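Coordinates from query.cif are shown below (mmCIF, C-alpha atoms (C1' of nucleotides)).
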data_structure
loop_
_atom_site.group_PDB
_atom_site.id
_atom_site.type_symbol
_atom_site.label_atom_id
_atom_site.label_comp_id
_atom_site.auth_asym_id
_atom_site.auth_seq_id
_atom_site.Cartn_x
_atom_site.Cartn_y
_atom_site.Cartn_z
ATOM 1 C CA MET A 118 -11.393 -35.717 5.381
ATOM 2 C CA LYS A 119 -11.607 -32.107 6.466
ATOM 3 C CA LYS A 120 -8.513 -30.103 5.792
ATOM 4 C CA ASN A 121 -7.281 -27.613 8.282
ATOM 5 C CA ALA A 122 -3.593 -28.274 8.547
ATOM 6 C CA GLU A 123 -1.687 -25.074 8.021
ATOM 7 C CA ILE A 124 1.859 -24.167 7.183
ATOM 8 C CA ASN A 125 1.314 -20.746 8.601
ATOM 9 C CA ALA A 126 -0.028 -22.113 11.865
ATOM 10 C CA THR A 127 3.465 -22.865 13.122
ATOM 11 C CA PRO A 128 4.571 -20.290 15.701
ATOM 12 C CA VAL A 129 7.482 -19.075 13.604
ATOM 13 C CA CYS A 130 5.210 -18.371 10.642
ATOM 14 C CA GLN A 131 2.608 -16.652 12.777
ATOM 15 C CA VAL A 132 5.310 -14.306 14.002
ATOM 16 C CA ARG A 133 6.527 -13.659 10.471
ATOM 17 C CA MET A 134 3.015 -12.959 9.220
ATOM 18 C CA GLN A 135 2.396 -10.507 12.005
ATOM 19 C CA ALA A 136 5.774 -8.883 11.444
ATOM 20 C CA ILE A 137 4.885 -8.274 7.810
ATOM 21 C CA SER A 138 1.543 -6.793 8.812
ATOM 22 C CA ASP A 139 3.244 -4.564 11.355
ATOM 23 C CA ALA A 140 5.818 -3.300 8.921
ATOM 24 C CA MET A 141 3.243 -2.724 6.200
ATOM 25 C CA SER A 142 0.951 -0.746 8.468
ATOM 26 C CA LEU A 143 3.789 1.674 9.223
ATOM 27 C CA LEU A 144 5.033 1.884 5.661
ATOM 28 C CA SER A 145 1.805 1.722 3.668
ATOM 29 C CA GLY A 146 0.834 4.354 1.172
ATOM 30 C CA LYS A 147 2.326 5.800 -1.908
ATOM 31 C CA TRP A 148 4.897 8.121 -0.366
ATOM 32 C CA LYS A 149 6.455 6.772 2.833
ATOM 33 C CA PHE A 150 9.352 4.958 1.209
ATOM 34 C CA HIS A 151 10.108 8.020 -0.897
ATOM 35 C CA ILE A 152 10.085 10.320 2.106
ATOM 36 C CA LEU A 153 12.254 8.011 4.182
ATOM 37 C CA GLY A 154 14.652 7.428 1.308
ATOM 38 C CA THR A 155 14.997 11.153 0.705
ATOM 39 C CA LEU A 156 15.585 11.883 4.378
ATOM 40 C CA ILE A 157 18.183 9.142 4.606
ATOM 41 C CA ALA A 158 19.977 10.622 1.607
ATOM 42 C CA GLY A 159 19.518 14.246 2.616
ATOM 43 C CA ASN A 160 20.098 14.377 6.363
ATOM 44 C CA LYS A 161 18.168 17.509 7.418
ATOM 45 C CA LEU A 162 15.471 18.919 5.195
ATOM 46 C CA GLY A 163 12.705 21.483 5.535
ATOM 47 C CA PHE A 164 9.096 20.992 4.503
ATOM 48 C CA MET A 165 9.528 22.893 1.260
ATOM 49 C CA ASP A 166 12.741 21.021 0.526
ATOM 50 C CA LEU A 167 10.885 17.728 0.745
ATOM 51 C CA LEU A 168 8.083 19.117 -1.394
ATOM 52 C CA ARG A 169 10.639 19.925 -4.084
ATOM 53 C CA GLU A 170 12.633 16.717 -3.742
ATOM 54 C CA ILE A 171 9.746 14.308 -3.941
ATOM 55 C CA ASP A 172 8.350 14.588 -7.379
ATOM 56 C CA GLY A 173 4.580 14.666 -7.537
ATOM 57 C CA ILE A 174 3.700 14.868 -3.873
ATOM 58 C CA GLY A 175 1.370 17.617 -2.677
ATOM 59 C CA SER A 176 1.547 19.513 0.574
ATOM 60 C CA LYS A 177 -1.440 17.729 2.053
ATOM 61 C CA MET A 178 -0.005 14.266 1.581
ATOM 62 C CA LEU A 179 3.468 15.318 2.663
ATOM 63 C CA SER A 180 2.126 16.840 5.851
ATOM 64 C CA LYS A 181 -0.010 13.808 6.657
ATOM 65 C CA GLU A 182 2.695 11.257 5.919
ATOM 66 C CA LEU A 183 5.282 13.173 7.920
ATOM 67 C CA GLN A 184 2.908 13.163 10.887
ATOM 68 C CA ASP A 185 2.458 9.414 10.569
ATOM 69 C CA LEU A 186 6.195 8.823 10.381
ATOM 70 C CA GLU A 187 6.832 11.127 13.311
ATOM 71 C CA MET A 188 4.231 9.331 15.437
ATOM 72 C CA ASN A 189 6.021 6.083 14.756
ATOM 73 C CA ASN A 190 9.355 7.597 15.667
ATOM 74 C CA LEU A 191 10.870 7.107 12.234
ATOM 75 C CA VAL A 192 11.239 10.819 11.534
ATOM 76 C CA SER A 193 11.904 13.740 13.838
ATOM 77 C CA ARG A 194 10.525 17.245 13.471
ATOM 78 C CA THR A 195 12.288 20.223 14.996
ATOM 79 C CA VAL A 196 10.992 23.778 14.811
ATOM 80 C CA MET A 197 13.933 26.142 14.497
ATOM 81 C CA ASP A 198 13.875 29.566 16.077
ATOM 82 C CA THR A 199 14.635 31.410 12.874
ATOM 83 C CA LYS A 200 12.822 34.118 10.976
ATOM 84 C CA PRO A 201 10.906 33.093 9.069
ATOM 85 C CA ILE A 202 10.378 30.007 11.177
ATOM 86 C CA THR A 203 11.803 26.877 9.603
ATOM 87 C CA VAL A 204 11.286 23.237 10.420
ATOM 88 C CA GLU A 205 13.922 20.545 10.205
ATOM 89 C CA TYR A 206 12.873 17.050 9.324
ATOM 90 C CA SER A 207 15.381 14.264 9.712
ATOM 91 C CA ILE A 208 15.470 10.524 9.962
ATOM 92 C CA THR A 209 15.718 9.137 13.485
ATOM 93 C CA LYS A 210 18.280 6.594 14.624
ATOM 94 C CA TYR A 211 15.424 4.135 14.604
ATOM 95 C CA GLY A 212 14.311 5.150 11.133
ATOM 96 C CA LYS A 213 17.791 4.402 9.863
ATOM 97 C CA THR A 214 17.217 0.738 10.643
ATOM 98 C CA LEU A 215 14.950 0.773 7.599
ATOM 99 C CA SER A 216 17.876 1.459 5.286
ATOM 100 C CA ALA A 217 18.380 -2.224 4.565
ATOM 101 C CA VAL A 218 14.717 -2.733 3.673
ATOM 102 C CA ILE A 219 14.651 0.315 1.424
ATOM 103 C CA ASP A 220 17.917 -0.687 -0.250
ATOM 104 C CA GLU A 221 16.643 -4.204 -0.915
ATOM 105 C CA LEU A 222 13.428 -2.850 -2.355
ATOM 106 C CA ALA A 223 15.214 -0.309 -4.536
ATOM 107 C CA ASN A 224 17.729 -2.861 -5.802
ATOM 108 C CA TRP A 225 14.979 -5.311 -6.592
ATOM 109 C CA GLY A 226 13.141 -2.593 -8.507
ATOM 110 C CA ILE A 227 16.279 -1.794 -10.486
ATOM 111 C CA GLU A 228 16.766 -5.458 -11.426
ATOM 112 C CA TYR A 229 13.094 -5.689 -12.337
ATOM 113 C CA ARG A 230 13.444 -2.865 -14.821
ATOM 114 C CA LYS A 231 16.553 -4.454 -16.300
ATOM 115 C CA ALA A 232 14.682 -7.738 -16.722
ATOM 116 C CA LEU A 233 11.793 -5.990 -18.459
ATOM 117 C CA TYR A 234 14.221 -4.276 -20.798
ATOM 118 C CA LYS A 235 15.905 -7.551 -21.757
ATOM 119 C CA LYS A 236 12.574 -9.200 -22.516
ATOM 120 C CA ASN A 237 11.655 -6.648 -25.151
ATOM 121 C CA MET B 37 16.981 33.478 -4.773
ATOM 122 C CA LYS B 38 14.745 30.816 -6.129
ATOM 123 C CA LYS B 39 15.489 27.354 -4.846
ATOM 124 C CA ASN B 40 15.348 24.407 -7.140
ATOM 125 C CA ALA B 41 18.484 22.447 -6.391
ATOM 126 C CA GLU B 42 17.566 18.864 -5.720
ATOM 127 C CA ILE B 43 19.236 15.902 -4.098
ATOM 128 C CA ASN B 44 16.936 13.580 -5.927
ATOM 129 C CA ALA B 45 17.702 15.165 -9.262
ATOM 130 C CA THR B 46 20.979 13.274 -9.541
ATOM 131 C CA PRO B 47 20.682 10.383 -12.004
ATOM 132 C CA VAL B 48 21.399 7.744 -9.386
ATOM 133 C CA CYS B 49 18.592 9.024 -7.171
ATOM 134 C CA GLN B 50 16.157 9.296 -10.059
ATOM 135 C CA VAL B 51 16.781 5.649 -10.778
ATOM 136 C CA ARG B 52 16.319 4.706 -7.131
ATOM 137 C CA MET B 53 13.075 6.643 -6.854
ATOM 138 C CA GLN B 54 11.693 4.985 -9.940
ATOM 139 C CA ALA B 55 12.835 1.591 -8.714
ATOM 140 C CA ILE B 56 10.920 2.093 -5.488
ATOM 141 C CA SER B 57 7.823 3.150 -7.427
ATOM 142 C CA ASP B 58 8.141 0.120 -9.678
ATOM 143 C CA ALA B 59 8.506 -2.313 -6.807
ATOM 144 C CA MET B 60 5.650 -0.751 -4.884
ATOM 145 C CA SER B 61 3.282 -0.880 -7.825
ATOM 146 C CA LEU B 62 3.834 -4.640 -8.108
ATOM 147 C CA LEU B 63 3.691 -5.282 -4.389
ATOM 148 C CA SER B 64 1.048 -2.818 -3.262
ATOM 149 C CA GLY B 65 -2.028 -3.852 -1.354
ATOM 150 C CA LYS B 66 -2.720 -5.611 1.868
ATOM 151 C CA TRP B 67 -2.087 -9.175 0.785
ATOM 152 C CA LYS B 68 0.708 -9.534 -1.785
ATOM 153 C CA PHE B 69 3.545 -10.007 0.678
ATOM 154 C CA HIS B 70 1.495 -12.563 2.591
ATOM 155 C CA ILE B 71 0.692 -14.534 -0.540
ATOM 156 C CA LEU B 72 4.277 -14.477 -1.766
ATOM 157 C CA GLY B 73 5.623 -15.376 1.658
ATOM 158 C CA THR B 74 3.228 -18.288 1.944
ATOM 159 C CA LEU B 75 4.069 -19.568 -1.514
ATOM 160 C CA ILE B 76 7.797 -19.311 -0.828
ATOM 161 C CA ALA B 77 7.293 -21.331 2.363
ATOM 162 C CA GLY B 78 4.798 -23.778 0.909
ATOM 163 C CA ASN B 79 6.051 -24.640 -2.582
ATOM 164 C CA LYS B 80 2.882 -25.770 -4.362
ATOM 165 C CA LEU B 81 -0.514 -24.771 -3.020
ATOM 166 C CA GLY B 82 -4.090 -24.842 -4.283
ATOM 167 C CA PHE B 83 -6.534 -21.973 -4.143
ATOM 168 C CA MET B 84 -8.304 -23.353 -1.096
ATOM 169 C CA ASP B 85 -4.984 -24.049 0.597
ATOM 170 C CA LEU B 86 -4.035 -20.396 0.247
ATOM 171 C CA LEU B 87 -7.456 -19.339 1.479
ATOM 172 C CA ARG B 88 -6.866 -21.389 4.621
ATOM 173 C CA GLU B 89 -3.253 -20.388 5.116
ATOM 174 C CA ILE B 90 -3.698 -16.665 4.806
ATOM 175 C CA ASP B 91 -5.749 -15.607 7.747
ATOM 176 C CA GLY B 92 -8.477 -13.116 6.959
ATOM 177 C CA ILE B 93 -8.299 -13.013 3.169
ATOM 178 C CA GLY B 94 -11.466 -13.598 1.158
ATOM 179 C CA SER B 95 -11.802 -15.461 -2.112
ATOM 180 C CA LYS B 96 -12.350 -12.309 -4.106
ATOM 181 C CA MET B 97 -9.162 -10.652 -2.948
ATOM 182 C CA LEU B 98 -7.148 -13.834 -3.212
ATOM 183 C CA SER B 99 -8.318 -14.383 -6.768
ATOM 184 C CA LYS B 100 -7.581 -10.814 -7.788
ATOM 185 C CA GLU B 101 -4.172 -10.655 -6.137
ATOM 186 C CA LEU B 102 -3.126 -13.986 -7.633
ATOM 187 C CA GLN B 103 -4.043 -12.689 -11.076
ATOM 188 C CA ASP B 104 -1.942 -9.580 -10.501
ATOM 189 C CA LEU B 105 1.022 -11.630 -9.329
ATOM 190 C CA GLU B 106 0.673 -14.022 -12.229
ATOM 191 C CA MET B 107 0.575 -11.189 -14.737
ATOM 192 C CA ASN B 108 3.840 -9.909 -13.326
ATOM 193 C CA ASN B 109 5.396 -13.329 -13.531
ATOM 194 C CA LEU B 110 5.920 -13.667 -9.796
ATOM 195 C CA VAL B 111 3.520 -16.584 -9.393
ATOM 196 C CA SER B 112 2.620 -19.401 -11.730
ATOM 197 C CA ARG B 113 -0.779 -21.005 -12.080
ATOM 198 C CA THR B 114 -1.185 -24.529 -13.400
ATOM 199 C CA VAL B 115 -4.524 -26.215 -13.928
ATOM 200 C CA MET B 116 -4.172 -29.906 -13.111
ATOM 201 C CA ASP B 117 -6.125 -32.522 -14.980
ATOM 202 C CA THR B 118 -7.681 -34.042 -11.890
ATOM 203 C CA LYS B 119 -11.273 -34.596 -10.831
ATOM 204 C CA PRO B 120 -12.378 -32.334 -9.402
ATOM 205 C CA ILE B 121 -10.102 -29.991 -11.252
ATOM 206 C CA THR B 122 -7.396 -28.508 -9.039
ATOM 207 C CA VAL B 123 -5.055 -25.607 -9.569
ATOM 208 C CA GLU B 124 -1.464 -25.398 -8.394
ATOM 209 C CA TYR B 125 -0.049 -22.049 -7.471
ATOM 210 C CA SER B 126 3.657 -21.711 -6.942
ATOM 211 C CA ILE B 127 6.298 -19.038 -6.797
ATOM 212 C CA THR B 128 8.273 -18.529 -9.988
ATOM 213 C CA LYS B 129 12.038 -18.462 -10.188
ATOM 214 C CA TYR B 130 11.685 -14.753 -10.650
ATOM 215 C CA GLY B 131 9.352 -14.417 -7.672
ATOM 216 C CA LYS B 132 11.982 -16.060 -5.513
ATOM 217 C CA THR B 133 14.235 -13.068 -6.055
ATOM 218 C CA LEU B 134 11.866 -11.265 -3.693
ATOM 219 C CA SER B 135 12.877 -13.515 -0.797
ATOM 220 C CA ALA B 136 15.517 -11.075 0.392
ATOM 221 C CA VAL B 137 13.080 -8.167 0.387
ATOM 222 C CA ILE B 138 10.432 -10.139 2.238
ATOM 223 C CA ASP B 139 12.955 -11.412 4.755
ATOM 224 C CA GLU B 140 14.257 -7.931 5.436
ATOM 225 C CA LEU B 141 10.744 -6.628 5.885
ATOM 226 C CA ALA B 142 9.749 -9.473 8.196
ATOM 227 C CA ASN B 143 12.897 -9.156 10.270
ATOM 228 C CA TRP B 144 12.428 -5.445 10.601
ATOM 229 C CA GLY B 145 8.834 -6.013 11.740
ATOM 230 C CA ILE B 146 10.026 -8.500 14.337
ATOM 231 C CA GLU B 147 12.583 -6.047 15.713
ATOM 232 C CA TYR B 148 9.958 -3.337 15.710
ATOM 233 C CA ARG B 149 7.677 -5.393 17.914
ATOM 234 C CA LYS B 150 10.556 -6.170 20.271
ATOM 235 C CA ALA B 151 11.346 -2.467 20.521
ATOM 236 C CA LEU B 152 7.719 -1.649 21.305
ATOM 237 C CA TYR B 153 7.695 -4.294 24.000
ATOM 238 C CA LYS B 154 10.840 -2.945 25.649
ATOM 239 C CA LYS B 155 9.443 0.580 25.707
ATOM 240 C CA ASN B 156 6.431 -0.425 27.818
ATOM 241 C "C1'" DG C 291 2.764 47.884 -1.005
ATOM 242 C "C1'" DA C 292 3.259 43.742 -3.606
ATOM 243 C "C1'" DA C 293 5.622 39.399 -4.361
ATOM 244 C "C1'" DA C 294 7.670 35.517 -2.665
ATOM 245 C "C1'" DG C 295 9.344 32.581 0.858
ATOM 246 C "C1'" DT C 296 8.383 29.940 5.326
ATOM 247 C "C1'" DG C 297 4.999 25.561 6.894
ATOM 248 C "C1'" DG C 298 1.330 24.018 6.733
ATOM 249 C "C1'" DT C 299 -4.545 23.309 6.980
ATOM 250 C "C1'" DT C 300 -9.136 23.015 4.841
ATOM 251 C "C1'" DT C 301 -12.393 21.735 1.589
ATOM 252 C "C1'" DC C 302 -14.098 19.201 -2.058
ATOM 253 C "C1'" DC C 303 -13.965 15.626 -5.021
ATOM 254 C "C1'" DT C 304 -13.010 10.963 -7.276
ATOM 255 C "C1'" DA C 305 -10.872 6.578 -7.583
ATOM 256 C "C1'" DT C 306 -9.295 2.621 -5.544
ATOM 257 C "C1'" DT C 307 -9.396 -0.843 -2.009
ATOM 258 C "C1'" DG C 308 -11.288 -4.242 0.284
ATOM 259 C "C1'" DG C 309 -14.974 -6.924 2.743
ATOM 260 C "C1'" DA C 310 -19.467 -9.717 2.994
ATOM 261 C "C1'" DT C 311 -22.470 -12.438 0.828
ATOM 262 C "C1'" DA C 312 -24.318 -15.167 -2.538
ATOM 263 C "C1'" DC C 313 -23.780 -17.846 -6.487
ATOM 264 C "C1'" DT C 314 -22.083 -21.173 -10.304
ATOM 265 C "C1'" DA C 315 -20.618 -25.688 -11.963
ATOM 266 C "C1'" DA C 316 -18.597 -30.079 -11.812
ATOM 267 C "C1'" DC C 317 -17.473 -33.972 -9.015
ATOM 268 C "C1'" DT C 318 -17.121 -37.234 -4.640
ATOM 269 C "C1'" DG C 319 -18.288 -39.649 -0.659
ATOM 270 C "C1'" DT C 320 -22.334 -41.400 2.497
ATOM 271 C "C1'" DA D 228 -30.567 -37.312 -2.614
ATOM 272 C "C1'" DC D 229 -27.512 -34.339 -0.091
ATOM 273 C "C1'" DA D 230 -23.613 -32.354 1.995
ATOM 274 C "C1'" DG D 231 -18.952 -31.133 0.960
ATOM 275 C "C1'" DT D 232 -15.050 -30.551 -2.073
ATOM 276 C "C1'" DT D 233 -12.772 -28.088 -6.031
ATOM 277 C "C1'" DA D 234 -11.947 -22.846 -8.000
ATOM 278 C "C1'" DG D 235 -13.426 -19.228 -8.574
ATOM 279 C "C1'" DT D 236 -17.142 -14.949 -10.186
ATOM 280 C "C1'" DA D 237 -20.725 -11.425 -9.363
ATOM 281 C "C1'" DT D 238 -22.768 -7.931 -6.790
ATOM 282 C "C1'" DC D 239 -23.179 -4.525 -3.570
ATOM 283 C "C1'" DC D 240 -21.452 -1.575 -0.254
ATOM 284 C "C1'" DA D 241 -18.337 1.238 3.011
ATOM 285 C "C1'" DA D 242 -13.989 3.025 4.030
ATOM 286 C "C1'" DT D 243 -9.784 4.874 2.733
ATOM 287 C "C1'" DA D 244 -6.421 7.081 -0.197
ATOM 288 C "C1'" DG D 245 -5.077 10.615 -2.661
ATOM 289 C "C1'" DG D 246 -5.160 14.819 -5.696
ATOM 290 C "C1'" DA D 247 -6.341 19.996 -6.832
ATOM 291 C "C1'" DA D 248 -7.006 24.269 -5.313
ATOM 292 C "C1'" DA D 249 -7.648 27.730 -2.105
ATOM 293 C "C1'" DC D 250 -6.372 29.737 2.018
ATOM 294 C "C1'" DC D 251 -3.796 31.303 6.471
ATOM 295 C "C1'" DA D 252 -0.225 33.738 9.228
ATOM 296 C "C1'" DC D 253 4.114 35.418 9.330
ATOM 297 C "C1'" DT D 254 8.503 37.599 7.430
ATOM 298 C "C1'" DT D 255 11.704 39.318 4.153
ATOM 299 C "C1'" DT D 256 12.945 41.456 -0.094
ATOM 300 C "C1'" DC D 257 12.193 44.349 -4.145
#
What would the structure in this file look like if it were written as structure tokens?
Amino acid sequence: MKKNAEINATPVCQVRMQAISDAMSLLSGKWKFHILGTLIAGNKLGFMDLLREIDGIGSKMLSKELQDLEMNNLVSRTVMDTKPITVEYSITKYGKTLSAVIDELANWGIEYRKALYKKN
Amino acid sequence: MKKNAEINATPVCQVRMQAISDAMSLLSGKWKFHILGTLIAGNKLGFMDLLREIDGIGSKMLSKELQDLEMNNLVSRTVMDTKPITVEYSITKYGKTLSAVIDELANWGIEYRKALYKKN
DNA sequence: GAAAGTGGTTTCCTATTGGATACTAACTGT
DNA sequence: ACAGTTAGTATCCAATAGGAAACCACTTTC
């Protein structure tokens, strides 16, 4: 008998699978969660602020990731008419809807570390 | 004046940042969420079952990702004494603690798609 | 006039990721 | 005998991710 029955073939699972793919494609990479988390915590931050806040990131990656996030309407970029010119990055209303995901992930990570500690 | 004040330098933020890094290092890659989600939905599944359920994955990636997940105690692998030999993969008790994260991510992805649809 | 701050871009390089294909090895059903 | 099942491994290749360093243009401060 040939097997081809699938759990994931049910419409509800198909939707879930696609939803996960969607979310991952927006949030993939090493830095996006860090950038979003920092912007959620920090309200309005300049490029150099972010560079200082996010330990280990370089200007190339920061610039690229910010562009990605801006394209997907998770982060807004505003050039201020100051001298020298400054840029304000902030989380959008829409980006804030990710708070729950980020919190869950962070809390899970914290529990993970506790569990590791107990083991040894 | 040299700037070096940091939001993320506060202990609570340091812990959060590390927690996010920890979680991401276990869950990185294109397939881990799909595998975990399928195993949470499907209870016990064989290698070929997973290969069929998860659309697009190849045996090499599935094998590698399962090994990663097993090493981190999120998935268990049991060789059954059948002929031909079969292997049962299932989510561990510990892996189940990721349900909330996966659900949040999936729900966010679903809302994201709805929002896109409304826009156009 | 030199240093340091603003916000990036460009180039070069390596490491990792991931996909396609073929293969093994044992067993079952026709 | 032969196709199909089980669970992977091996090999090769292309694409992407990501880091280091240099550089740019502009302005303010020492």
Based on all atoms listed in the file, which of the residues in chain A come within 10 Å of chain C? I want them as a list of chain:residue names. A:Met118, A:Gly163, A:Phe164, A:Met165, A:Ser176, A:Lys177, A:Leu179, A:Ser180, A:Thr199, A:Lys200, A:Pro201, A:Ile202, A:Thr203, A:Val204
Should the cut-off be 7 Å, what would the residue list for chain B against chain A look like, counting only C-alpha atoms, as a PyMOL selection string? chain B and resi 42-44+52-53+55-56+58-59+70+78+89+137+140-142+145-146
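Atom CA of A:Ser193 is found 17.1 Å from atom CA of A:Met178.
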When the PyMOL selection byres ((chain D) within 10 of (chain B)) is applied to the file above, which residues end up in the set, as an NGL selection string? :D and (232-237)
Between atom CA of B:Gln103 and atom CA of A:Val129, measure the distance and give it in Å to one decimal. 28.0 Å
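Computed from the coordinates, the atom CA of B:Met116 to atom CA of B:Leu63 distance equals 27.3 Å.
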Chain and number of each residue from the PyMOL selection byres ((chain A and resi 212) around 8), as a PDB file with C-alpha atoms, in the frame of the given file:
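The result, stored in selection_10.pdb:
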ATOM      1  CA  LEU A 153      12.254   8.011   4.182  1.00  0.00           C
ATOM      2  CA  ASN A 190       9.355   7.597  15.667  1.00  0.00           C
ATOM      3  CA  LEU A 191      10.870   7.107  12.234  1.00  0.00           C
ATOM      4  CA  VAL A 192      11.239  10.819  11.534  1.00  0.00           C
ATOM      5  CA  ILE A 208      15.470  10.524   9.962  1.00  0.00           C
ATOM      6  CA  THR A 209      15.718   9.137  13.485  1.00  0.00           C
ATOM      7  CA  LYS A 210      18.280   6.594  14.624  1.00  0.00           C
ATOM      8  CA  TYR A 211      15.424   4.135  14.604  1.00  0.00           C
ATOM      9  CA  LYS A 213      17.791   4.402   9.863  1.00  0.00           C
ATOM     10  CA  THR A 214      17.217   0.738  10.643  1.00  0.00           C
ATOM     11  CA  LEU A 215      14.950   0.773   7.599  1.00  0.00           C
ATOM     12  CA  SER A 216      17.876   1.459   5.286  1.00  0.00           C
TER      13      SER A 216
END
Write only N, CA, C and O atoms for stretch 180-193 of chain A from the block just shown, as a short mmCIF file (atom, residue, chain, number, x, y, z; two decimals), in the first residue's frame.
data_model
loop_
_atom_site.label_atom_id
_atom_site.label_comp_id
_atom_site.auth_asym_id
_atom_site.auth_seq_id
_atom_site.Cartn_x
_atom_site.Cartn_y
_atom_site.Cartn_z
N SER A 180 22.71 48.27 8.59
CA SER A 180 22.09 49.00 7.49
C SER A 180 21.19 48.11 6.66
O SER A 180 20.04 48.45 6.35
N LYS A 181 21.69 46.92 6.32
CA LYS A 181 20.92 46.00 5.48
C LYS A 181 19.66 45.50 6.20
O LYS A 181 18.57 45.48 5.61
N GLU A 182 19.83 45.14 7.46
CA GLU A 182 18.67 44.60 8.19
C GLU A 182 17.62 45.68 8.42
O GLU A 182 16.42 45.40 8.35
N LEU A 183 18.07 46.90 8.70
CA LEU A 183 17.11 47.99 8.88
C LEU A 183 16.32 48.22 7.59
O LEU A 183 15.11 48.46 7.63
N GLN A 184 17.00 48.13 6.45
CA GLN A 184 16.29 48.29 5.18
C GLN A 184 15.23 47.21 5.00
O GLN A 184 14.11 47.48 4.57
N ASP A 185 15.61 45.98 5.32
CA ASP A 185 14.65 44.87 5.22
C ASP A 185 13.43 45.15 6.09
O ASP A 185 12.29 45.01 5.65
N LEU A 186 13.69 45.51 7.34
CA LEU A 186 12.61 45.72 8.30
C LEU A 186 11.73 46.90 7.87
O LEU A 186 10.51 46.87 8.04
N GLU A 187 12.37 47.92 7.30
CA GLU A 187 11.60 49.07 6.86
C GLU A 187 10.69 48.68 5.68
O GLU A 187 9.53 49.07 5.63
N MET A 188 11.25 47.91 4.75
CA MET A 188 10.46 47.46 3.60
C MET A 188 9.23 46.69 4.04
O MET A 188 8.18 46.76 3.41
N ASN A 189 9.37 45.95 5.12
CA ASN A 189 8.24 45.16 5.60
C ASN A 189 7.40 45.90 6.63
O ASN A 189 6.57 45.29 7.31
N ASN A 190 7.66 47.18 6.74
CA ASN A 190 6.82 48.05 7.56
C ASN A 190 6.85 47.69 9.05
O ASN A 190 5.89 47.92 9.77
N LEU A 191 7.97 47.14 9.48
CA LEU A 191 8.11 46.82 10.90
C LEU A 191 8.85 47.92 11.64
O LEU A 191 8.73 48.06 12.85
N VAL A 192 9.62 48.69 10.86
CA VAL A 192 10.45 49.76 11.42
C VAL A 192 10.27 51.00 10.55
O VAL A 192 10.13 50.88 9.34
N SER A 193 10.26 52.16 11.17
CA SER A 193 10.19 53.38 10.36
C SER A 193 11.48 54.16 10.48
O SER A 193 12.16 54.14 11.51
#
